[in-house]
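Next comes model.cif, with mmCIF, C-alpha atoms.
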data_coords
loop_
_atom_site.group_PDB
_atom_site.id
_atom_site.type_symbol
_atom_site.label_atom_id
_atom_site.label_comp_id
_atom_site.auth_asym_id
_atom_site.auth_seq_id
_atom_site.Cartn_x
_atom_site.Cartn_y
_atom_site.Cartn_z
ATOM 1 C CA MET L 1 24.286 -111.276 -61.790
ATOM 2 C CA SER L 2 25.223 -114.801 -62.765
ATOM 3 C CA SER L 3 24.500 -117.816 -60.586
ATOM 4 C CA LEU L 4 27.607 -119.581 -61.942
ATOM 5 C CA ALA L 5 31.299 -118.697 -61.563
ATOM 6 C CA PRO L 6 34.112 -120.137 -63.717
ATOM 7 C CA THR L 7 37.151 -121.721 -62.100
ATOM 8 C CA THR L 8 39.983 -124.124 -62.871
ATOM 9 C CA VAL L 9 40.313 -127.413 -61.009
ATOM 10 C CA ARG L 10 42.960 -130.114 -60.993
ATOM 11 C CA LYS L 11 41.254 -133.461 -61.450
ATOM 12 C CA PHE L 12 42.703 -136.591 -59.881
ATOM 13 C CA SER L 13 41.740 -140.161 -60.744
ATOM 14 C CA GLN L 14 43.301 -143.590 -60.481
ATOM 15 C CA ASP L 15 45.773 -144.602 -63.200
ATOM 16 C CA GLN L 16 45.733 -141.126 -64.766
ATOM 17 C CA GLU L 17 47.944 -138.086 -64.454
ATOM 18 C CA PRO L 18 46.375 -135.047 -62.740
ATOM 19 C CA GLU L 19 44.840 -132.710 -65.283
ATOM 20 C CA ASP L 20 43.788 -129.053 -65.078
ATOM 21 C CA ARG L 21 40.310 -128.413 -66.469
ATOM 22 C CA PRO L 22 37.788 -125.552 -66.485
ATOM 23 C CA ASP L 23 34.831 -125.956 -64.156
ATOM 24 C CA LEU L 24 31.855 -124.012 -62.804
ATOM 25 C CA LEU L 25 30.931 -123.155 -59.218
ATOM 26 C CA ALA L 26 27.625 -122.101 -57.691
ATOM 27 C CA VAL L 27 27.859 -118.439 -56.699
ATOM 28 C CA GLU L 28 27.269 -117.600 -53.038
ATOM 29 C CA GLU L 29 26.767 -113.941 -52.104
ATOM 30 C CA PRO L 30 24.860 -112.049 -49.389
ATOM 31 C CA LEU L 31 21.469 -110.516 -50.028
ATOM 32 C CA GLU L 32 20.151 -107.841 -47.704
ATOM 33 C CA ILE L 33 16.369 -107.442 -47.687
ATOM 34 C CA ARG L 34 15.168 -103.968 -46.723
ATOM 35 C CA LEU L 35 11.562 -103.077 -46.010
ATOM 36 C CA GLY L 36 9.916 -99.762 -46.885
ATOM 37 C CA TYR L 37 6.712 -99.155 -44.932
ATOM 38 C CA GLY L 38 4.528 -96.571 -43.215
ATOM 39 C CA PRO L 39 1.918 -94.013 -44.257
ATOM 40 C CA VAL L 40 2.484 -91.538 -47.076
ATOM 41 C CA GLY L 41 4.703 -88.722 -45.857
ATOM 42 C CA GLU L 42 6.094 -90.853 -43.012
ATOM 43 C CA ARG L 43 7.774 -93.656 -44.923
ATOM 44 C CA MET L 44 10.455 -95.594 -43.091
ATOM 45 C CA GLN L 45 13.084 -98.104 -44.146
ATOM 46 C CA ARG L 46 14.479 -100.953 -42.087
ATOM 47 C CA SER L 47 16.889 -103.780 -42.809
ATOM 48 C CA LEU L 48 14.965 -107.003 -42.312
ATOM 49 C CA SER L 49 17.318 -109.853 -43.107
ATOM 50 C CA VAL L 50 20.678 -110.796 -44.608
ATOM 51 C CA THR L 51 20.981 -114.234 -46.160
ATOM 52 C CA MET L 52 23.647 -116.016 -48.167
ATOM 53 C CA ARG L 53 22.106 -116.976 -51.474
ATOM 54 C CA THR L 54 22.784 -117.789 -55.128
ATOM 55 C CA PRO L 55 21.920 -114.696 -57.224
ATOM 56 C CA GLY L 56 18.812 -115.100 -59.361
ATOM 57 C CA HIS L 57 15.123 -114.771 -58.542
ATOM 58 C CA ASP L 58 16.067 -112.386 -55.727
ATOM 59 C CA GLU L 59 12.649 -110.732 -55.843
ATOM 60 C CA GLU L 60 10.924 -114.082 -55.355
ATOM 61 C CA LEU L 61 13.274 -114.915 -52.491
ATOM 62 C CA ALA L 62 12.332 -111.690 -50.724
ATOM 63 C CA LEU L 63 8.608 -112.133 -51.344
ATOM 64 C CA GLY L 64 8.724 -115.739 -50.174
ATOM 65 C CA TYR L 65 10.527 -114.718 -46.999
ATOM 66 C CA LEU L 66 8.022 -111.931 -46.278
ATOM 67 C CA PHE L 67 5.086 -114.246 -46.984
ATOM 68 C CA ASN L 68 6.454 -116.995 -44.739
ATOM 69 C CA GLU L 69 6.967 -114.449 -41.956
ATOM 70 C CA GLN L 70 3.347 -113.321 -42.529
ATOM 71 C CA ILE L 71 4.403 -109.740 -43.221
ATOM 72 C CA ILE L 72 2.458 -109.907 -46.495
ATOM 73 C CA ARG L 73 -0.508 -112.105 -47.375
ATOM 74 C CA THR L 74 -1.500 -110.973 -50.902
ATOM 75 C CA PRO L 75 0.466 -109.517 -53.841
ATOM 76 C CA ASP L 76 -1.534 -106.279 -53.784
ATOM 77 C CA GLN L 77 0.054 -105.406 -50.423
ATOM 78 C CA VAL L 78 3.365 -104.890 -52.258
ATOM 79 C CA VAL L 79 4.095 -101.673 -54.151
ATOM 80 C CA SER L 80 7.452 -102.678 -55.624
ATOM 81 C CA VAL L 81 10.435 -104.997 -55.270
ATOM 82 C CA ARG L 82 13.739 -103.794 -56.697
ATOM 83 C CA HIS L 83 17.483 -103.784 -56.182
ATOM 84 C CA CYS L 84 19.010 -100.690 -54.613
ATOM 85 C CA VAL L 85 21.132 -99.477 -57.522
ATOM 86 C CA SER L 86 22.299 -96.402 -55.607
ATOM 87 C CA ASP L 87 24.383 -98.567 -53.265
ATOM 88 C CA ALA L 88 27.184 -99.311 -55.708
ATOM 89 C CA ASP L 89 29.368 -100.985 -53.085
ATOM 90 C CA LYS L 90 26.800 -103.766 -52.598
ATOM 91 C CA LYS L 91 26.739 -104.601 -56.361
ATOM 92 C CA GLY L 92 23.121 -105.654 -56.574
ATOM 93 C CA ASN L 93 23.093 -107.441 -53.234
ATOM 94 C CA VAL L 94 20.538 -105.163 -51.584
ATOM 95 C CA LEU L 95 16.836 -105.529 -52.325
ATOM 96 C CA ARG L 96 14.121 -103.152 -51.137
ATOM 97 C CA VAL L 97 10.488 -104.187 -50.808
ATOM 98 C CA GLU L 98 7.994 -101.321 -50.606
ATOM 99 C CA LEU L 99 4.700 -102.099 -48.857
ATOM 100 C CA GLN L 100 1.412 -100.292 -49.321
ATOM 101 C CA PRO L 101 0.985 -97.354 -46.901
ATOM 102 C CA ASP L 102 -1.907 -99.099 -45.146
ATOM 103 C CA ARG L 103 -0.018 -102.383 -44.575
ATOM 104 C CA PRO L 104 1.146 -102.489 -40.932
ATOM 105 C CA VAL L 105 4.321 -104.290 -39.880
ATOM 106 C CA ASP L 106 4.334 -106.122 -36.554
ATOM 107 C CA TRP L 107 8.004 -106.049 -35.590
ATOM 108 C CA THR L 108 7.272 -107.821 -32.322
ATOM 109 C CA MET L 109 6.060 -110.855 -34.309
ATOM 110 C CA LEU L 110 9.304 -110.877 -36.255
ATOM 111 C CA GLU L 111 11.245 -110.845 -33.001
ATOM 112 C CA ARG L 112 9.151 -113.737 -31.652
ATOM 113 C CA ASN L 113 9.866 -115.718 -34.796
ATOM 114 C CA GLY L 114 13.495 -116.097 -33.749
ATOM 115 C CA TYR L 115 12.683 -119.758 -33.022
ATOM 116 C CA THR L 116 13.165 -120.527 -36.728
ATOM 117 C CA SER L 117 16.891 -121.061 -36.135
ATOM 118 C CA SER L 118 17.590 -124.750 -35.575
ATOM 119 C CA SER L 119 20.332 -123.791 -33.107
ATOM 120 C CA CYS L 120 18.132 -121.672 -30.845
ATOM 121 C CA GLY L 121 17.800 -124.376 -28.201
ATOM 122 C CA LEU L 122 14.015 -124.292 -27.860
ATOM 123 C CA CYS L 123 12.266 -127.598 -27.322
ATOM 124 C CA GLY L 124 9.986 -129.075 -29.968
ATOM 125 C CA LYS L 125 6.804 -128.364 -28.051
ATOM 126 C CA THR L 126 7.725 -124.692 -27.608
ATOM 127 C CA SER L 127 8.636 -124.349 -31.290
ATOM 128 C CA ILE L 128 5.343 -125.800 -32.483
ATOM 129 C CA GLU L 129 3.365 -123.686 -30.043
ATOM 130 C CA ALA L 130 5.142 -120.613 -31.419
ATOM 131 C CA VAL L 131 3.961 -121.492 -34.935
ATOM 132 C CA GLN L 132 0.428 -122.147 -33.710
ATOM 133 C CA ALA L 133 0.442 -118.745 -32.026
ATOM 134 C CA SER L 134 0.886 -117.158 -35.452
ATOM 135 C CA GLY L 135 -2.645 -118.267 -36.381
ATOM 136 C CA LEU L 136 -1.955 -121.253 -38.631
ATOM 137 C CA GLU L 137 -4.739 -123.836 -38.762
ATOM 138 C CA PRO L 138 -4.362 -127.561 -39.504
ATOM 139 C CA LEU L 139 -4.398 -128.250 -43.239
ATOM 140 C CA SER L 140 -7.607 -129.672 -44.634
ATOM 141 C CA ALA L 141 -6.822 -129.720 -48.355
ATOM 142 C CA ALA L 142 -8.256 -132.641 -50.292
ATOM 143 C CA PHE L 143 -5.037 -133.056 -52.286
ATOM 144 C CA SER L 144 -4.167 -136.624 -53.287
ATOM 145 C CA ILE L 145 -1.661 -138.286 -55.587
ATOM 146 C CA ASN L 146 -0.933 -141.762 -56.889
ATOM 147 C CA SER L 147 2.110 -143.142 -55.091
ATOM 148 C CA GLU L 148 3.603 -144.268 -58.411
ATOM 149 C CA ARG L 149 3.783 -140.636 -59.482
ATOM 150 C CA ILE L 150 5.816 -139.822 -56.388
ATOM 151 C CA HIS L 151 8.515 -142.239 -57.570
ATOM 152 C CA GLY L 152 8.998 -140.288 -60.801
ATOM 153 C CA LEU L 153 9.420 -136.872 -59.183
ATOM 154 C CA PRO L 154 13.167 -136.946 -58.318
ATOM 155 C CA GLU L 155 14.201 -137.595 -61.920
ATOM 156 C CA LYS L 156 11.875 -134.855 -63.167
ATOM 157 C CA LEU L 157 13.387 -132.490 -60.645
ATOM 158 C CA ARG L 158 16.926 -133.389 -61.669
ATOM 159 C CA GLN L 159 16.108 -132.723 -65.313
ATOM 160 C CA ALA L 160 14.763 -129.296 -64.375
ATOM 161 C CA GLN L 161 17.815 -128.321 -62.285
ATOM 162 C CA ARG L 162 19.796 -126.428 -64.889
ATOM 163 C CA ALA L 163 22.366 -124.855 -62.587
ATOM 164 C CA PHE L 164 22.840 -128.087 -60.606
ATOM 165 C CA ALA L 165 23.768 -129.874 -63.839
ATOM 166 C CA TYR L 166 26.803 -127.567 -64.152
ATOM 167 C CA THR L 167 27.873 -127.331 -60.520
ATOM 168 C CA GLY L 168 26.392 -130.174 -58.476
ATOM 169 C CA GLY L 169 26.226 -127.644 -55.653
ATOM 170 C CA LEU L 170 22.681 -126.298 -55.508
ATOM 171 C CA HIS L 171 19.536 -127.304 -53.661
ATOM 172 C CA ALA L 172 16.178 -127.254 -55.400
ATOM 173 C CA ALA L 173 12.517 -126.995 -54.475
ATOM 174 C CA ALA L 174 9.728 -127.909 -56.872
ATOM 175 C CA LEU L 175 5.978 -127.461 -56.969
ATOM 176 C CA PHE L 176 4.023 -130.404 -58.415
ATOM 177 C CA ASP L 177 0.349 -131.148 -59.006
ATOM 178 C CA GLY L 178 -1.771 -134.218 -58.343
ATOM 179 C CA GLU L 179 -0.805 -135.684 -61.710
ATOM 180 C CA GLY L 180 2.859 -135.647 -60.791
ATOM 181 C CA ARG L 181 3.667 -132.754 -63.120
ATOM 182 C CA ILE L 182 6.345 -130.330 -61.926
ATOM 183 C CA VAL L 183 5.013 -126.843 -62.564
ATOM 184 C CA LEU L 184 7.693 -124.667 -60.938
ATOM 185 C CA VAL L 185 11.316 -125.133 -59.841
ATOM 186 C CA ARG L 186 13.744 -122.854 -58.032
ATOM 187 C CA GLU L 187 17.412 -123.445 -57.082
ATOM 188 C CA ASP L 188 19.734 -121.940 -54.505
ATOM 189 C CA ILE L 189 22.834 -122.826 -52.538
ATOM 190 C CA GLY L 190 20.641 -122.720 -49.415
ATOM 191 C CA ARG L 191 17.765 -125.143 -48.839
ATOM 192 C CA HIS L 192 15.632 -122.507 -47.143
ATOM 193 C CA ASN L 193 16.298 -119.961 -49.875
ATOM 194 C CA ALA L 194 15.289 -122.403 -52.611
ATOM 195 C CA LEU L 195 11.956 -122.955 -50.870
ATOM 196 C CA ASP L 196 11.484 -119.221 -50.230
ATOM 197 C CA LYS L 197 12.093 -118.558 -53.940
ATOM 198 C CA LEU L 198 9.561 -121.229 -54.894
ATOM 199 C CA ILE L 199 6.885 -119.955 -52.508
ATOM 200 C CA GLY L 200 7.643 -116.359 -53.469
ATOM 201 C CA ALA L 201 7.160 -117.152 -57.158
ATOM 202 C CA ALA L 202 3.897 -118.973 -56.453
ATOM 203 C CA PHE L 203 2.753 -116.093 -54.241
ATOM 204 C CA TRP L 204 3.429 -113.492 -56.939
ATOM 205 C CA GLN L 205 1.571 -115.637 -59.484
ATOM 206 C CA GLY L 206 -1.486 -115.698 -57.219
ATOM 207 C CA ARG L 207 -1.283 -119.440 -56.479
ATOM 208 C CA THR L 208 -1.219 -119.228 -52.677
ATOM 209 C CA PRO L 209 -2.494 -120.890 -50.606
ATOM 210 C CA LEU L 210 -0.971 -123.927 -52.304
ATOM 211 C CA ALA L 211 -3.755 -126.347 -51.391
ATOM 212 C CA SER L 212 -3.694 -128.071 -54.798
ATOM 213 C CA PHE L 213 0.044 -128.768 -54.918
ATOM 214 C CA GLY L 214 2.816 -130.700 -53.266
ATOM 215 C CA VAL L 215 6.415 -129.619 -52.758
ATOM 216 C CA LEU L 216 9.549 -131.679 -53.394
ATOM 217 C CA VAL L 217 12.912 -130.624 -51.932
ATOM 218 C CA SER L 218 16.261 -132.033 -52.957
ATOM 219 C CA GLY L 219 17.784 -132.478 -49.495
ATOM 220 C CA ARG L 220 16.721 -133.270 -45.970
ATOM 221 C CA VAL L 221 13.724 -131.743 -44.164
ATOM 222 C CA GLY L 222 14.071 -129.807 -40.943
ATOM 223 C CA PHE L 223 11.474 -128.055 -38.855
ATOM 224 C CA GLU L 224 11.835 -124.764 -40.763
ATOM 225 C CA LEU L 225 10.919 -126.225 -44.157
ATOM 226 C CA VAL L 226 7.755 -127.780 -42.756
ATOM 227 C CA GLN L 227 6.890 -124.445 -41.181
ATOM 228 C CA LYS L 228 7.281 -122.602 -44.503
ATOM 229 C CA CYS L 229 5.107 -125.152 -46.309
ATOM 230 C CA TRP L 230 2.472 -124.990 -43.571
ATOM 231 C CA THR L 231 2.345 -121.206 -43.899
ATOM 232 C CA ALA L 232 1.886 -121.560 -47.666
ATOM 233 C CA GLY L 233 -0.872 -124.170 -47.255
ATOM 234 C CA VAL L 234 1.087 -127.061 -48.808
ATOM 235 C CA PRO L 235 -0.667 -130.373 -47.987
ATOM 236 C CA LEU L 236 2.202 -132.700 -48.996
ATOM 237 C CA LEU L 237 5.951 -132.206 -48.574
ATOM 238 C CA ALA L 238 8.348 -134.745 -50.078
ATOM 239 C CA ALA L 239 12.115 -134.862 -49.655
ATOM 240 C CA VAL L 240 14.936 -136.787 -51.272
ATOM 241 C CA GLY L 241 16.609 -136.906 -47.862
ATOM 242 C CA ALA L 242 15.521 -137.614 -44.313
ATOM 243 C CA PRO L 243 13.253 -135.588 -42.025
ATOM 244 C CA SER L 244 14.145 -134.579 -38.485
ATOM 245 C CA SER L 245 12.093 -135.640 -35.481
ATOM 246 C CA LEU L 246 10.718 -132.119 -35.056
ATOM 247 C CA ALA L 247 9.826 -131.954 -38.758
ATOM 248 C CA VAL L 248 7.700 -135.095 -38.336
ATOM 249 C CA GLU L 249 6.121 -133.740 -35.164
ATOM 250 C CA MET L 250 5.227 -130.449 -36.827
ATOM 251 C CA ALA L 251 3.900 -132.111 -40.007
ATOM 252 C CA THR L 252 1.624 -134.272 -37.850
ATOM 253 C CA GLU L 253 0.393 -131.197 -35.993
ATOM 254 C CA ALA L 254 -0.209 -129.398 -39.290
ATOM 255 C CA GLY L 255 -2.094 -132.277 -40.893
ATOM 256 C CA MET L 256 0.569 -132.374 -43.613
ATOM 257 C CA THR L 257 1.684 -135.494 -45.463
ATOM 258 C CA LEU L 258 5.456 -135.779 -45.041
ATOM 259 C CA LEU L 259 7.552 -138.102 -47.204
ATOM 260 C CA GLY L 260 11.262 -138.824 -46.868
ATOM 261 C CA PHE L 261 13.912 -140.766 -48.796
ATOM 262 C CA VAL L 262 12.012 -140.235 -52.061
ATOM 263 C CA ARG L 263 14.505 -141.905 -54.371
ATOM 264 C CA ASP L 264 15.286 -145.222 -56.073
ATOM 265 C CA ASN L 265 11.552 -145.978 -56.472
ATOM 266 C CA ARG L 266 10.848 -145.955 -52.746
ATOM 267 C CA PHE L 267 9.893 -143.538 -49.988
ATOM 268 C CA ASN L 268 8.797 -143.412 -46.361
ATOM 269 C CA CYS L 269 5.590 -141.739 -45.201
ATOM 270 C CA TYR L 270 5.805 -140.151 -41.736
ATOM 271 C CA SER L 271 2.384 -138.504 -41.407
ATOM 272 C CA MET L 272 -1.069 -138.307 -43.017
ATOM 273 C CA PRO L 273 -0.716 -141.270 -45.449
ATOM 274 C CA ASP L 274 -4.348 -141.024 -46.603
ATOM 275 C CA ARG L 275 -3.396 -138.538 -49.355
ATOM 276 C CA LEU L 276 -1.476 -141.321 -51.122
ATOM 277 C CA LEU L 277 -3.791 -143.138 -53.494
ATOM 278 C CA GLU L 278 -3.664 -146.939 -53.848
ATOM 279 C CA VAL L 279 -1.569 -147.381 -50.722
ATOM 280 C CA GLY L 280 -3.680 -145.152 -48.507
ATOM 281 C CA LYS L 281 -5.999 -147.916 -47.345
ATOM 282 C CA ARG L 282 -3.124 -150.242 -46.463
ATOM 283 C CA TYR L 283 -1.360 -147.464 -44.503
ATOM 284 C CA GLU L 284 -4.533 -146.623 -42.607
ATOM 285 C CA GLU L 285 -5.064 -150.215 -41.585
ATOM 286 C CA ASN L 286 -1.553 -150.500 -40.126
ATOM 287 C CA TRP L 287 -1.121 -146.940 -38.855
ATOM 288 C CA SER L 288 -0.795 -146.475 -35.123
#
Using the file provided, produce a representation of the structure as structure tokens.
Amino acid sequence: MSSLAPTTVRKFSQDQEPEDRPDLLAVEEPLEIRLGYGPVGERMQRSLSVTMRTPGHDEELALGYLFNEQIIRTPDQVVSVRHCVSDADKKGNVLRVELQPDRPVDWTMLERNGYTSSSCGLCGKTSIEAVQASGLEPLSAAFSINSERIHGLPEKLRQAQRAFAYTGGLHAAALFDGEGRIVLVREDIGRHNALDKLIGAAFWQGRTPLASFGVLVSGRVGFELVQKCWTAGVPLLAAVGAPSSLAVEMATEAGMTLLGFVRDNRFNCYSMPDRLLEVGKRYEENWS
């Protein structure tokens, strides 16, 4: 399935007649994630989630979602990930993940994780306590990066966003190392899906926990993105846009370095500035 859809638009501009031209749109379609689990001879199947996504890297999206929900912790707990071709009406929009027979599924934990919706109405303290209850420990990774290398990341990300170059309508998440090199990029119409795809790809490649990498996202940062990065062990999360108050609170609790407004050769640091080389000492002296 393609991530791009052709269309025709009528372009308007000052001092010129309207003109019809071909254009491309980012595709948005539902993906249902189904889970196969249980001992041999007693296998069961259950629909786990439906999300609106841009087709492409669906397997990584599903794996990233399952990893972030702590349903799976290592790749060897997964037997297979494949589209359900028998359901012709869904046209490739149903994905089934088969777990090993000895991998239990705690459905009560999934029900408790309903706090991940930003509209659920829970207070910040309750939300953070819910994440802590899942067993996550504060990050202690010794990751560090020169602040000058942070400035160059947005342009590197833009160059790697192939679909965005055609549509202008996709979010991106990128994994980068301490030298400022982008090593992995994933795109999607949804911010959360782009990050799930990125973490899912890293998980399948055996990179998790991601203690030696930072993550850059193309938009703003809410509580849920910090939570996903905390689960994956990411010590530094940078965003082109702004963070929310709860995102800052959770990053502080996690011991994660959180950067916002990373663009135009500037950025703000909201937590754990000591991972930023050269400016770390100055931040520590003035930090309160």
Would you compute the distance between CA of Ala160 (chain L) and CA of Gly178 (chain L)? Give it in Å to one decimal.
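Here the two named atoms are 18.3 Å from each other.
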Run the PyMOL selection byres ((chain L and resi 139) around 10) against the file shown and list the residues it catches, as a compact mmCIF listing (two decimals) with C-alpha atoms, in the coordinates of the input.
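Okay, selection_19.txt is ready:
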# COMPACT_ATOMS: atom_id res chain seq x y z
CA LEU L 136 -1.96 -121.25 -38.63
CA GLU L 137 -4.74 -123.84 -38.76
CA PRO L 138 -4.36 -127.56 -39.50
CA SER L 140 -7.61 -129.67 -44.63
CA ALA L 141 -6.82 -129.72 -48.36
CA ALA L 142 -8.26 -132.64 -50.29
CA ALA L 211 -3.76 -126.35 -51.39
CA TRP L 230 2.47 -124.99 -43.57
CA THR L 231 2.35 -121.21 -43.90
CA GLY L 233 -0.87 -124.17 -47.26
CA VAL L 234 1.09 -127.06 -48.81
CA PRO L 235 -0.67 -130.37 -47.99
CA LEU L 236 2.20 -132.70 -49.00
CA ALA L 251 3.90 -132.11 -40.01
CA GLU L 253 0.39 -131.20 -35.99
CA ALA L 254 -0.21 -129.40 -39.29
CA GLY L 255 -2.09 -132.28 -40.89
CA MET L 256 0.57 -132.37 -43.61
CA THR L 257 1.68 -135.49 -45.46
Can you list, as a PyMOL selection string, every protein, DNA or RNA residue that comes within 12 Å of region 258-270 of chain L when you count all atoms listed in the file, leaving out same-chain residues fewer than 6 positions away?
chain L and resi 147-158+214-223+225-226+229-230+234-252+276+279-280+283-284+287-288
Near-region 183-198 of chain L list (8 Å; only C-alpha atoms; drop same-chain fewer than 3 positions) as a PyMOL selection string:
chain L and resi 26-28+52-54+57-58+60-65+68+157+160-161+163-164+169-177+201-202+217+219+224-225+228
In Å, how far is it from CA of Pro104 (chain L) to CA of Phe67 (chain L)?
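It comes out at 13.8 Å.
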What are the centre and the three edge lengths of an axis-aligned box that wraps all atoms of region 172-182 of chain L in the file, given that 8 Å is added to every side, written as AutoDock Vina command-line options and rounded to one decimal in Å?
--center_x 7.2 --center_y -131.3 --center_z -58.8 --size_x 33.9 --size_y 24.7 --size_z 24.6
Report the distance between CA of Ile182 (chain L) and CA of Arg82 (chain L) in Å, rounded to one decimal place.
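These two atoms are separated by 28.0 Å.
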Test item: the PyMOL selection byres ((chain L and resi 4) around 7) resolved as a compact mmCIF listing (two decimals) with C-alpha atoms, keeping the file's coordinate frame:
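The resulting file, out00.txt, is reproduced below:
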# COMPACT_ATOMS: atom_id res chain seq x y z
CA SER L 2 25.22 -114.80 -62.76
CA SER L 3 24.50 -117.82 -60.59
CA ALA L 5 31.30 -118.70 -61.56
CA PRO L 6 34.11 -120.14 -63.72
CA LEU L 24 31.86 -124.01 -62.80
CA LEU L 25 30.93 -123.16 -59.22
CA ALA L 26 27.62 -122.10 -57.69
CA VAL L 27 27.86 -118.44 -56.70
Near-Gly92 (chain L) list (12 Å; only C-alpha atoms; drop same-chain fewer than 5 positions) as number ranges by chain
L: 1-2, 29-33, 55-56, 58-59, 82-87
Residue by residue, what does the PyMOL selection byres ((chain L and resi 40) around 12) grab here? Present the result as an mmCIF file with C-alpha atoms, in the coordinates of the input.
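Written output follows (selection_0.cif):
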data_model
loop_
_atom_site.group_PDB
_atom_site.id
_atom_site.type_symbol
_atom_site.label_atom_id
_atom_site.label_comp_id
_atom_site.auth_asym_id
_atom_site.auth_seq_id
_atom_site.Cartn_x
_atom_site.Cartn_y
_atom_site.Cartn_z
ATOM 1 C CA GLY L 36 9.916 -99.762 -46.885
ATOM 2 C CA TYR L 37 6.712 -99.155 -44.932
ATOM 3 C CA GLY L 38 4.528 -96.571 -43.215
ATOM 4 C CA PRO L 39 1.918 -94.013 -44.257
ATOM 5 C CA GLY L 41 4.703 -88.722 -45.857
ATOM 6 C CA GLU L 42 6.094 -90.853 -43.012
ATOM 7 C CA ARG L 43 7.774 -93.656 -44.923
ATOM 8 C CA MET L 44 10.455 -95.594 -43.091
ATOM 9 C CA GLU L 98 7.994 -101.321 -50.606
ATOM 10 C CA LEU L 99 4.700 -102.099 -48.857
ATOM 11 C CA GLN L 100 1.412 -100.292 -49.321
ATOM 12 C CA PRO L 101 0.985 -97.354 -46.901
ATOM 13 C CA ASP L 102 -1.907 -99.099 -45.146
ATOM 14 C CA ARG L 103 -0.018 -102.383 -44.575
#
Which polymer residues have any atom within 12 Å of an atom of Gly206 (chain L), counting all atoms listed in the file, with same-chain residues fewer than 2 positions away left out, as a list in words?
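Once the nearby chain positions are removed, what remains is Arg73, Thr74, Pro75, Asp76, Ile199, Gly200, Ala201, Ala202, Phe203, Trp204, Thr208, Pro209, Leu210 and Ala232 of chain L.
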With all atoms listed in the file as the atoms that count, which of L:Ser144, L:Asn93, L:Gln205, L:Gly135 lies nearest to Met272 (chain L)?
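Looking at the shortest contact to Met272 (chain L), the residue is L:Ser144.
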